[in-house]
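What follows is input.pdb (PDB, C-alpha atoms, pLDDT in the B column).
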```pdb
MODEL        1
ATOM      1  CA  MET A   1     -26.235  44.405  37.595  1.00 46.00           C
ATOM      2  CA  ALA A   2     -22.853  45.552  38.819  1.00 50.00           C
ATOM      3  CA  ASP A   3     -22.650  47.629  41.965  1.00 70.00           C
ATOM      4  CA  PHE A   4     -22.493  51.414  41.764  1.00 76.00           C
ATOM      5  CA  PRO A   5     -21.071  52.881  44.961  1.00 76.00           C
ATOM      6  CA  TYR A   6     -22.179  56.404  44.075  1.00 77.00           C
ATOM      7  CA  ARG A   7     -25.174  58.571  44.628  1.00 84.00           C
ATOM      8  CA  CYS A   8     -24.847  60.812  41.602  1.00 90.00           C
ATOM      9  CA  ALA A   9     -23.501  61.005  38.065  1.00 92.00           C
ATOM     10  CA  LEU A  10     -22.918  64.059  35.923  1.00 93.00           C
ATOM     11  CA  ILE A  11     -23.142  63.645  32.158  1.00 94.00           C
ATOM     12  CA  ILE A  12     -21.524  66.455  30.183  1.00 90.00           C
ATOM     13  CA  GLY A  13     -22.355  67.207  26.557  1.00 90.00           C
ATOM     14  CA  VAL A  14     -25.813  65.668  26.576  1.00 93.00           C
ATOM     15  CA  GLY A  15     -27.688  65.145  23.318  1.00 92.00           C
ATOM     16  CA  THR A  16     -30.121  62.519  22.125  1.00 92.00           C
ATOM     17  CA  GLY A  17     -27.806  59.555  21.537  1.00 94.00           C
ATOM     18  CA  ILE A  18     -25.228  57.897  23.783  1.00 95.00           C
ATOM     19  CA  SER A  19     -25.632  60.397  26.602  1.00 95.00           C
ATOM     20  CA  ALA A  20     -29.423  60.083  26.666  1.00 96.00           C
ATOM     21  CA  SER A  21     -29.156  56.284  26.802  1.00 97.00           C
ATOM     22  CA  LEU A  22     -26.659  56.575  29.620  1.00 96.00           C
ATOM     23  CA  ALA A  23     -28.896  58.993  31.530  1.00 96.00           C
ATOM     24  CA  ARG A  24     -31.802  56.541  31.322  1.00 97.00           C
ATOM     25  CA  ARG A  25     -29.636  53.622  32.381  1.00 96.00           C
ATOM     26  CA  LEU A  26     -28.091  55.415  35.365  1.00 95.00           C
ATOM     27  CA  SER A  27     -31.443  56.807  36.425  1.00 95.00           C
ATOM     28  CA  LYS A  28     -32.933  53.295  36.457  1.00 94.00           C
ATOM     29  CA  ILE A  29     -30.033  52.148  38.625  1.00 91.00           C
ATOM     30  CA  GLY A  30     -31.119  54.782  41.121  1.00 91.00           C
ATOM     31  CA  LEU A  31     -28.417  57.423  40.730  1.00 92.00           C
ATOM     32  CA  GLN A  32     -29.195  61.118  40.908  1.00 93.00           C
ATOM     33  CA  VAL A  33     -28.304  62.193  37.368  1.00 94.00           C
ATOM     34  CA  GLY A  34     -27.070  65.632  36.299  1.00 94.00           C
ATOM     35  CA  LEU A  35     -27.210  66.675  32.658  1.00 95.00           C
ATOM     36  CA  ALA A  36     -24.970  69.413  31.243  1.00 93.00           C
ATOM     37  CA  ALA A  37     -25.143  70.901  27.762  1.00 92.00           C
ATOM     38  CA  ARG A  38     -25.018  74.237  25.971  1.00 90.00           C
ATOM     39  CA  ASP A  39     -28.774  74.414  25.434  1.00 90.00           C
ATOM     40  CA  VAL A  40     -30.658  73.320  28.543  1.00 91.00           C
ATOM     41  CA  GLU A  41     -34.017  73.845  26.838  1.00 93.00           C
ATOM     42  CA  LYS A  42     -33.318  70.770  24.703  1.00 92.00           C
ATOM     43  CA  LEU A  43     -32.598  68.756  27.845  1.00 94.00           C
ATOM     44  CA  LYS A  44     -36.009  69.260  29.418  1.00 95.00           C
ATOM     45  CA  PRO A  45     -37.790  66.131  28.101  1.00 96.00           C
ATOM     46  CA  LEU A  46     -34.893  63.882  29.119  1.00 97.00           C
ATOM     47  CA  ALA A  47     -34.519  65.679  32.448  1.00 96.00           C
ATOM     48  CA  GLU A  48     -38.190  65.096  33.237  1.00 96.00           C
ATOM     49  CA  GLU A  49     -37.983  61.445  32.197  1.00 97.00           C
ATOM     50  CA  THR A  50     -34.922  60.770  34.350  1.00 96.00           C
ATOM     51  CA  ALA A  51     -35.642  63.244  37.178  1.00 96.00           C
ATOM     52  CA  ALA A  52     -32.273  64.806  36.407  1.00 95.00           C
ATOM     53  CA  ALA A  53     -30.858  68.199  37.308  1.00 95.00           C
ATOM     54  CA  VAL A  54     -29.710  70.309  34.341  1.00 95.00           C
ATOM     55  CA  PHE A  55     -26.685  72.586  33.970  1.00 92.00           C
ATOM     56  CA  ALA A  56     -25.781  74.992  31.160  1.00 91.00           C
ATOM     57  CA  VAL A  57     -22.155  74.500  30.106  1.00 83.00           C
ATOM     58  CA  ASP A  58     -20.430  75.711  26.943  1.00 80.00           C
ATOM     59  CA  ALA A  59     -17.034  74.061  26.489  1.00 68.00           C
ATOM     60  CA  GLY A  60     -16.310  76.376  23.572  1.00 68.00           C
ATOM     61  CA  ALA A  61     -16.772  79.550  25.598  1.00 66.00           C
ATOM     62  CA  SER A  62     -13.569  81.431  26.340  1.00 58.00           C
ATOM     63  CA  GLY A  63     -12.605  83.214  29.528  1.00 50.00           C
TER      64      GLY A  63
ATOM     65  CA  MET B  64       4.948  81.230  32.105  1.00 55.00           C
ATOM     66  CA  THR B  65       3.524  77.748  31.719  1.00 64.00           C
ATOM     67  CA  ASP B  66      -0.047  77.347  32.908  1.00 67.00           C
ATOM     68  CA  TYR B  67       0.070  74.021  34.734  1.00 74.00           C
ATOM     69  CA  PHE B  68      -3.208  72.252  35.396  1.00 73.00           C
ATOM     70  CA  HIS B  69      -3.932  69.381  37.786  1.00 79.00           C
ATOM     71  CA  LEU B  70      -7.358  67.753  37.699  1.00 75.00           C
ATOM     72  CA  SER B  71      -7.692  67.874  41.473  1.00 73.00           C
ATOM     73  CA  GLY B  72      -8.019  71.630  41.057  1.00 70.00           C
ATOM     74  CA  ALA B  73     -10.871  71.350  38.602  1.00 65.00           C
ATOM     75  CA  SER B  74     -14.245  72.865  39.237  1.00 59.00           C
ATOM     76  CA  LEU B  75     -17.410  72.659  37.204  1.00 52.00           C
ATOM     77  CA  ALA B  76     -16.943  76.194  35.870  1.00 48.00           C
ATOM     78  CA  PRO B  77     -17.487  76.244  32.076  1.00 43.00           C
ATOM     79  CA  GLY B  78     -14.505  74.846  30.209  1.00 40.00           C
ATOM     80  CA  SER B  79     -12.392  74.106  33.251  1.00 40.00           C
ATOM     81  CA  ILE B  80     -12.510  70.327  32.913  1.00 41.00           C
ATOM     82  CA  ILE B  81     -12.965  69.781  29.205  1.00 40.00           C
ATOM     83  CA  LEU B  82     -10.408  72.343  28.118  1.00 39.00           C
ATOM     84  CA  PRO B  83      -7.465  72.586  30.535  1.00 35.00           C
ATOM     85  CA  GLY B  84      -5.170  75.301  29.210  1.00 34.00           C
ATOM     86  CA  ASN B  85      -6.021  76.509  25.762  1.00 33.00           C
ATOM     87  CA  PHE B  86      -6.440  73.278  23.866  1.00 39.00           C
ATOM     88  CA  GLY B  87      -8.809  73.490  20.952  1.00 37.00           C
ATOM     89  CA  ALA B  88     -10.340  76.794  21.918  1.00 32.00           C
ATOM     90  CA  HIS B  89     -10.944  77.567  18.271  1.00 33.00           C
ATOM     91  CA  ASP B  90     -11.488  74.019  17.056  1.00 36.00           C
ATOM     92  CA  PRO B  91     -15.157  73.444  16.183  1.00 36.00           C
ATOM     93  CA  GLY B  92     -14.531  69.677  16.253  1.00 38.00           C
ATOM     94  CA  ASN B  93     -13.799  69.957  19.924  1.00 37.00           C
ATOM     95  CA  ARG B  94     -17.463  70.545  20.642  1.00 38.00           C
ATOM     96  CA  HIS B  95     -17.955  66.891  19.834  1.00 35.00           C
ATOM     97  CA  ALA B  96     -15.420  65.755  22.404  1.00 37.00           C
ATOM     98  CA  SER B  97     -17.797  65.246  25.258  1.00 39.00           C
ATOM     99  CA  HIS B  98     -17.054  63.358  28.401  1.00 44.00           C
ATOM    100  CA  ARG B  99     -18.865  61.687  31.222  1.00 44.00           C
ATOM    101  CA  VAL B 100     -18.078  62.264  34.859  1.00 46.00           C
ATOM    102  CA  ALA B 101     -19.299  60.439  37.912  1.00 46.00           C
ATOM    103  CA  GLY B 102     -18.655  62.719  40.831  1.00 49.00           C
ATOM    104  CA  ASP B 103     -17.001  66.103  41.057  1.00 52.00           C
ATOM    105  CA  PRO B 104     -13.269  65.212  41.321  1.00 55.00           C
ATOM    106  CA  PRO B 105     -12.438  67.014  44.592  1.00 55.00           C
ATOM    107  CA  ASP B 106     -15.575  65.723  46.329  1.00 58.00           C
ATOM    108  CA  ALA B 107     -15.163  62.217  44.970  1.00 60.00           C
ATOM    109  CA  ALA B 108     -11.533  62.106  46.084  1.00 60.00           C
ATOM    110  CA  ALA B 109     -12.585  63.035  49.606  1.00 61.00           C
ATOM    111  CA  GLU B 110     -14.885  60.011  49.621  1.00 63.00           C
ATOM    112  CA  GLY B 111     -12.177  57.736  48.171  1.00 73.00           C
ATOM    113  CA  MET B 112     -14.158  56.562  45.172  1.00 82.00           C
ATOM    114  CA  GLY B 113     -15.185  57.934  41.829  1.00 90.00           C
ATOM    115  CA  ARG B 114     -15.212  57.397  38.105  1.00 93.00           C
ATOM    116  CA  ILE B 115     -14.558  59.487  35.040  1.00 94.00           C
ATOM    117  CA  VAL B 116     -15.402  58.006  31.644  1.00 95.00           C
ATOM    118  CA  ASN B 117     -14.593  59.981  28.521  1.00 95.00           C
ATOM    119  CA  ILE B 118     -16.382  59.190  25.288  1.00 95.00           C
ATOM    120  CA  THR B 119     -13.943  59.321  22.383  1.00 95.00           C
ATOM    121  CA  SER B 120     -14.225  57.592  19.018  1.00 95.00           C
ATOM    122  CA  LEU B 121     -12.903  54.869  16.773  1.00 96.00           C
ATOM    123  CA  VAL B 122     -11.738  57.660  14.445  1.00 94.00           C
ATOM    124  CA  ILE B 123      -8.804  58.397  16.768  1.00 95.00           C
ATOM    125  CA  LEU B 124      -7.098  55.623  14.773  1.00 95.00           C
ATOM    126  CA  GLY B 125      -7.409  57.756  11.638  1.00 93.00           C
ATOM    127  CA  MET B 126     -10.161  58.438   9.127  1.00 89.00           C
ATOM    128  CA  VAL B 127     -10.325  60.618   6.014  1.00 89.00           C
ATOM    129  CA  ASN B 128     -12.144  63.967   6.320  1.00 89.00           C
ATOM    130  CA  ARG B 129     -12.050  63.825  10.128  1.00 89.00           C
ATOM    131  CA  THR B 130      -9.017  65.929  11.025  1.00 93.00           C
ATOM    132  CA  ALA B 131     -10.616  68.092  13.722  1.00 92.00           C
ATOM    133  CA  TYR B 132     -13.003  65.445  15.051  1.00 91.00           C
ATOM    134  CA  ALA B 133     -10.261  62.791  15.296  1.00 94.00           C
ATOM    135  CA  ALA B 134      -7.770  65.193  16.869  1.00 94.00           C
ATOM    136  CA  SER B 135     -10.179  66.465  19.521  1.00 92.00           C
ATOM    137  CA  ASN B 136     -11.170  62.928  20.442  1.00 94.00           C
ATOM    138  CA  ALA B 137      -7.528  61.825  20.515  1.00 95.00           C
ATOM    139  CA  ALA B 138      -6.827  64.728  22.876  1.00 94.00           C
ATOM    140  CA  LEU B 139      -9.588  63.500  25.151  1.00 93.00           C
ATOM    141  CA  GLY B 140      -7.935  60.070  25.116  1.00 95.00           C
ATOM    142  CA  SER B 141      -4.723  61.773  26.165  1.00 95.00           C
ATOM    143  CA  PHE B 142      -6.544  63.633  28.959  1.00 94.00           C
ATOM    144  CA  THR B 143      -7.719  60.217  30.122  1.00 96.00           C
ATOM    145  CA  ARG B 144      -4.173  58.977  30.647  1.00 96.00           C
ATOM    146  CA  THR B 145      -2.970  62.166  32.359  1.00 95.00           C
ATOM    147  CA  TRP B 146      -6.002  62.346  34.663  1.00 94.00           C
ATOM    148  CA  ALA B 147      -5.646  58.633  35.476  1.00 96.00           C
ATOM    149  CA  LEU B 148      -2.138  59.374  36.733  1.00 97.00           C
ATOM    150  CA  GLU B 149      -3.163  62.496  38.622  1.00 94.00           C
ATOM    151  CA  LEU B 150      -6.026  60.714  40.368  1.00 94.00           C
ATOM    152  CA  ALA B 151      -4.509  57.242  40.702  1.00 95.00           C
ATOM    153  CA  GLU B 152      -4.179  57.414  44.497  1.00 94.00           C
ATOM    154  CA  THR B 153      -7.632  58.861  45.083  1.00 91.00           C
ATOM    155  CA  GLY B 154      -9.816  55.889  44.165  1.00 90.00           C
ATOM    156  CA  ILE B 155     -11.053  57.716  41.075  1.00 92.00           C
ATOM    157  CA  THR B 156     -10.469  55.809  37.856  1.00 94.00           C
ATOM    158  CA  VAL B 157     -10.349  57.525  34.469  1.00 95.00           C
ATOM    159  CA  ASN B 158     -11.075  55.597  31.285  1.00 96.00           C
ATOM    160  CA  SER B 159     -12.306  56.144  27.740  1.00 96.00           C
ATOM    161  CA  VAL B 160     -14.953  54.363  25.737  1.00 97.00           C
ATOM    162  CA  ALA B 161     -14.366  54.716  21.990  1.00 97.00           C
ATOM    163  CA  PRO B 162     -17.403  53.747  19.900  1.00 97.00           C
ATOM    164  CA  GLY B 163     -17.531  52.888  16.245  1.00 96.00           C
ATOM    165  CA  PRO B 164     -20.347  54.495  14.205  1.00 95.00           C
ATOM    166  CA  VAL B 165     -23.347  54.937  16.536  1.00 96.00           C
ATOM    167  CA  GLU B 166     -26.986  54.817  15.443  1.00 95.00           C
ATOM    168  CA  THR B 167     -27.909  58.321  16.631  1.00 92.00           C
ATOM    169  CA  GLU B 168     -29.960  61.197  15.212  1.00 90.00           C
ATOM    170  CA  LEU B 169     -26.752  63.169  14.666  1.00 86.00           C
ATOM    171  CA  PHE B 170     -25.119  60.309  12.762  1.00 90.00           C
ATOM    172  CA  ARG B 171     -28.227  59.661  10.669  1.00 93.00           C
ATOM    173  CA  ARG B 172     -28.462  63.331   9.712  1.00 93.00           C
ATOM    174  CA  ASN B 173     -25.302  62.910   7.648  1.00 88.00           C
ATOM    175  CA  THR B 174     -25.552  59.182   6.982  1.00 92.00           C
ATOM    176  CA  PRO B 175     -29.059  58.065   5.970  1.00 95.00           C
ATOM    177  CA  PRO B 176     -29.891  54.338   5.912  1.00 94.00           C
ATOM    178  CA  GLY B 177     -28.801  52.786   2.624  1.00 94.00           C
ATOM    179  CA  SER B 178     -26.609  55.754   1.683  1.00 95.00           C
ATOM    180  CA  GLU B 179     -23.142  55.549   0.154  1.00 94.00           C
ATOM    181  CA  ALA B 180     -21.784  57.143   3.319  1.00 90.00           C
ATOM    182  CA  GLU B 181     -23.297  54.324   5.388  1.00 94.00           C
ATOM    183  CA  ARG B 182     -21.869  51.709   3.027  1.00 94.00           C
ATOM    184  CA  ILE B 183     -18.378  53.183   3.449  1.00 90.00           C
ATOM    185  CA  PHE B 184     -18.741  53.186   7.254  1.00 90.00           C
ATOM    186  CA  LEU B 185     -19.881  49.568   7.320  1.00 95.00           C
ATOM    187  CA  THR B 186     -17.083  48.475   4.972  1.00 95.00           C
ATOM    188  CA  ASN B 187     -14.731  49.278   7.856  1.00 93.00           C
ATOM    189  CA  ILE B 188     -16.823  47.484  10.515  1.00 97.00           C
ATOM    190  CA  PRO B 189     -16.469  43.669  10.464  1.00 97.00           C
ATOM    191  CA  MET B 190     -19.859  43.215  12.185  1.00 98.00           C
ATOM    192  CA  ARG B 191     -21.426  45.240   9.305  1.00 97.00           C
ATOM    193  CA  ARG B 192     -23.806  47.152  11.532  1.00 97.00           C
ATOM    194  CA  LEU B 193     -23.890  50.348  13.559  1.00 97.00           C
ATOM    195  CA  VAL B 194     -23.687  50.216  17.326  1.00 97.00           C
ATOM    196  CA  HIS B 195     -26.798  51.143  19.318  1.00 97.00           C
ATOM    197  CA  PRO B 196     -26.474  53.914  21.936  1.00 97.00           C
ATOM    198  CA  GLU B 197     -27.624  51.416  24.575  1.00 97.00           C
ATOM    199  CA  GLU B 198     -24.607  49.218  23.814  1.00 98.00           C
ATOM    200  CA  ILE B 199     -22.267  52.133  24.446  1.00 97.00           C
ATOM    201  CA  ALA B 200     -24.159  53.078  27.621  1.00 96.00           C
ATOM    202  CA  ALA B 201     -23.710  49.486  28.837  1.00 97.00           C
ATOM    203  CA  SER B 202     -19.951  49.705  28.291  1.00 97.00           C
ATOM    204  CA  VAL B 203     -19.820  52.996  30.180  1.00 95.00           C
ATOM    205  CA  ALA B 204     -21.896  51.470  32.970  1.00 94.00           C
ATOM    206  CA  PHE B 205     -19.295  48.734  33.348  1.00 95.00           C
ATOM    207  CA  MET B 206     -16.495  51.304  33.583  1.00 95.00           C
ATOM    208  CA  LEU B 207     -18.552  53.124  36.245  1.00 93.00           C
ATOM    209  CA  SER B 208     -19.153  49.983  38.270  1.00 92.00           C
ATOM    210  CA  GLU B 209     -17.317  48.845  41.367  1.00 90.00           C
ATOM    211  CA  ASP B 210     -16.253  45.748  39.404  1.00 92.00           C
ATOM    212  CA  ALA B 211     -14.024  47.950  37.216  1.00 94.00           C
ATOM    213  CA  SER B 212     -12.181  49.350  40.233  1.00 93.00           C
ATOM    214  CA  TYR B 213      -8.642  48.355  39.082  1.00 96.00           C
ATOM    215  CA  ILE B 214      -9.046  49.526  35.474  1.00 97.00           C
ATOM    216  CA  THR B 215      -7.698  53.013  34.796  1.00 98.00           C
ATOM    217  CA  SER B 216      -6.254  54.947  31.830  1.00 98.00           C
ATOM    218  CA  GLN B 217      -7.678  52.435  29.359  1.00 97.00           C
ATOM    219  CA  THR B 218      -9.528  53.011  26.109  1.00 97.00           C
ATOM    220  CA  LEU B 219     -12.248  50.450  25.486  1.00 97.00           C
ATOM    221  CA  LEU B 220     -12.979  50.254  21.763  1.00 97.00           C
ATOM    222  CA  VAL B 221     -16.640  49.291  21.305  1.00 98.00           C
ATOM    223  CA  ASP B 222     -16.463  49.084  17.569  1.00 97.00           C
ATOM    224  CA  GLY B 223     -17.815  45.838  16.137  1.00 98.00           C
ATOM    225  CA  GLY B 224     -14.239  44.829  15.321  1.00 97.00           C
ATOM    226  CA  GLY B 225     -13.476  48.063  13.490  1.00 97.00           C
ATOM    227  CA  SER B 226     -10.087  48.434  15.160  1.00 97.00           C
ATOM    228  CA  ILE B 227      -8.879  44.924  14.302  1.00 96.00           C
ATOM    229  CA  GLY B 228      -5.532  45.179  12.537  1.00 94.00           C
ATOM    230  CA  LYS B 229      -5.369  48.936  13.195  1.00 92.00           C
ATOM    231  CA  ALA B 230      -4.729  49.276  16.921  1.00 84.00           C
ATOM    232  CA  ALA B 231      -1.790  47.849  18.842  1.00 81.00           C
ATOM    233  CA  ILE B 232      -2.627  45.570  21.771  1.00 77.00           C
TER     234      ILE B 232
ENDMDL
END
```

What would the structure in this file look like if it were written as structure tokens?
Amino acid sequence: MADFPYRCALIIGVGTGISASLARRLSKIGLQVGLAARDVEKLKPLAEETAAAVFAVDAGASG
Amino acid sequence: MTDYFHLSGASLAPGSIILPGNFGAHDPGNRHASHRVAGDPPDAAAEGMGRIVNITSLVILGMVNRTAYAASNAALGSFTRTWALELAETGITVNSVAPGPVETELFRRNTPPGSEAERIFLTNIPMRRLVHPEEIAASVAFMLSEDASYITSQTLLVDGGGSIGKAAI
């Protein structure tokens, strides 16, 4: 495994595919993972699995 | 007056990183242009190390019926190059990973196994299979690693050969 000189990683636009796989991988490495998406309710199972923090972000919101 | 934007001024306020200026504010395809960030840019710069990896798509090379999706992903690829320049002296690298068709719930919703849509996708992929999300995550993990410390502004096509003959090297 390559070295990761970080403590945390933020994944923006989290769904069930690539981003979920990445969250699991980075969590196993030992990084504190943050998950951001429009609907944080949908993130809860993944957040519990990876001990991640969740953030509500809507890239389409104006202002 | 032109609204200049430099990534070092970015915060995690909604829209401030993904949509500098007004790009794609009314483009529904832009919602698909997600990106991955390791470290808040200003904080990471202070520590002299960080990574940003944007997820784009093989369709940036062109695909029928994908005007908005291809354009929003191509814009993200362009952000990658600009941000790589803006952050080049900070120790933060900025790269893109551009997958071919990924075996995800979202993809399968529109492209069931054995469907004509799947056949058309695979016609364009020399390996004749979809890519698993774990294979894309592995590519991102490499870009995030210390080993990738001198790679910046690049787009890594993880596409089963789908870009062969289509992308300049």

* To do: May I ask for the distance between atom CA of Arg144 of chain B and atom CA of Gly30 of chain A, given in Å to one decimal place?
  => 29.2 Å

* Report the residues retrieved by the PyMOL selection byres ((chain A) within 8 of (chain B)) from the displayed file, expressed as a list in words. =>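 So the PyMOL selection byres ((chain A) within 8 of (chain B)) ends up selecting Ala2, Asp3, Phe4, Pro5, Tyr6, Cys8, Ala9, Leu10, Ile11, Ile12, Gly13, Thr16, Gly17, Ile18, Ser19, Ser21, Leu22, Arg25, Leu26, Val57, Asp58, Ala59, Gly60, Ala61 and Ser62 of chain A.
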
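Once the PyMOL selection byres ((chain B and resi 228) around 12) is applied to this file, the selection holds Leu124, Asn187, Ile188, Pro189, Gly224, Gly225, Ser226, Ile227, Lys229, Ala230, Ala231 and Ile232 of chain B.
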
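For the atom pair formed by atom CA of Glu149 of chain B and atom CA of Gly163 of chain B, the distance is 28.3 Å, given to one decimal.
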
* Among the residues A:Arg7, A:Ser27, A:Gly15, A:Gln32, the one that comes closest to Glu49 of chain A [using all atoms listed in the file] ->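 Result for the nearest residue to Glu49 of chain A: A:Ser27.
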
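Look at everything within 10 Å of (-9.7, 62.6, 14.2) using only C-alpha atoms, and the residues you get are Gly92, Thr119, Ser120, Leu121, Val122, Ile123, Leu124, Gly125, Met126, Val127, Asn128, Arg129, Thr130, Ala131, Tyr132, Ala133, Ala134, Ser135, Asn136, Ala137 and Ala138 of chain B.
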
* Atom-to-atom span, atom CA of Trp146 of chain B and atom CA of Ala52 of chain A, Å -> 26.4 Å

* Asked: Evaluating the PyMOL selection byres ((chain A and resi 51) around 10) on the displayed file yields which residues, as a VMD selection string?
  -> chain A and resid 23 to 24 27 31 to 34 44 to 50 52 to 54

* To do: Go through B:Glu179, B:Ser159, B:Gly223, B:Ser212 and flag the residue nearest Leu193 of chain B, using all atoms listed in the file for the distances.
  => B:Gly223

Box centre and edge lengths (Å, one decimal), axis-aligned, segment 31-40 of chain A plus 6 Å each side, as JSON:
```
{"center_x": -27.8, "center_y": 65.9, "center_z": 33.2, "size_x": 17.7, "size_y": 29.0, "size_z": 27.5}
```
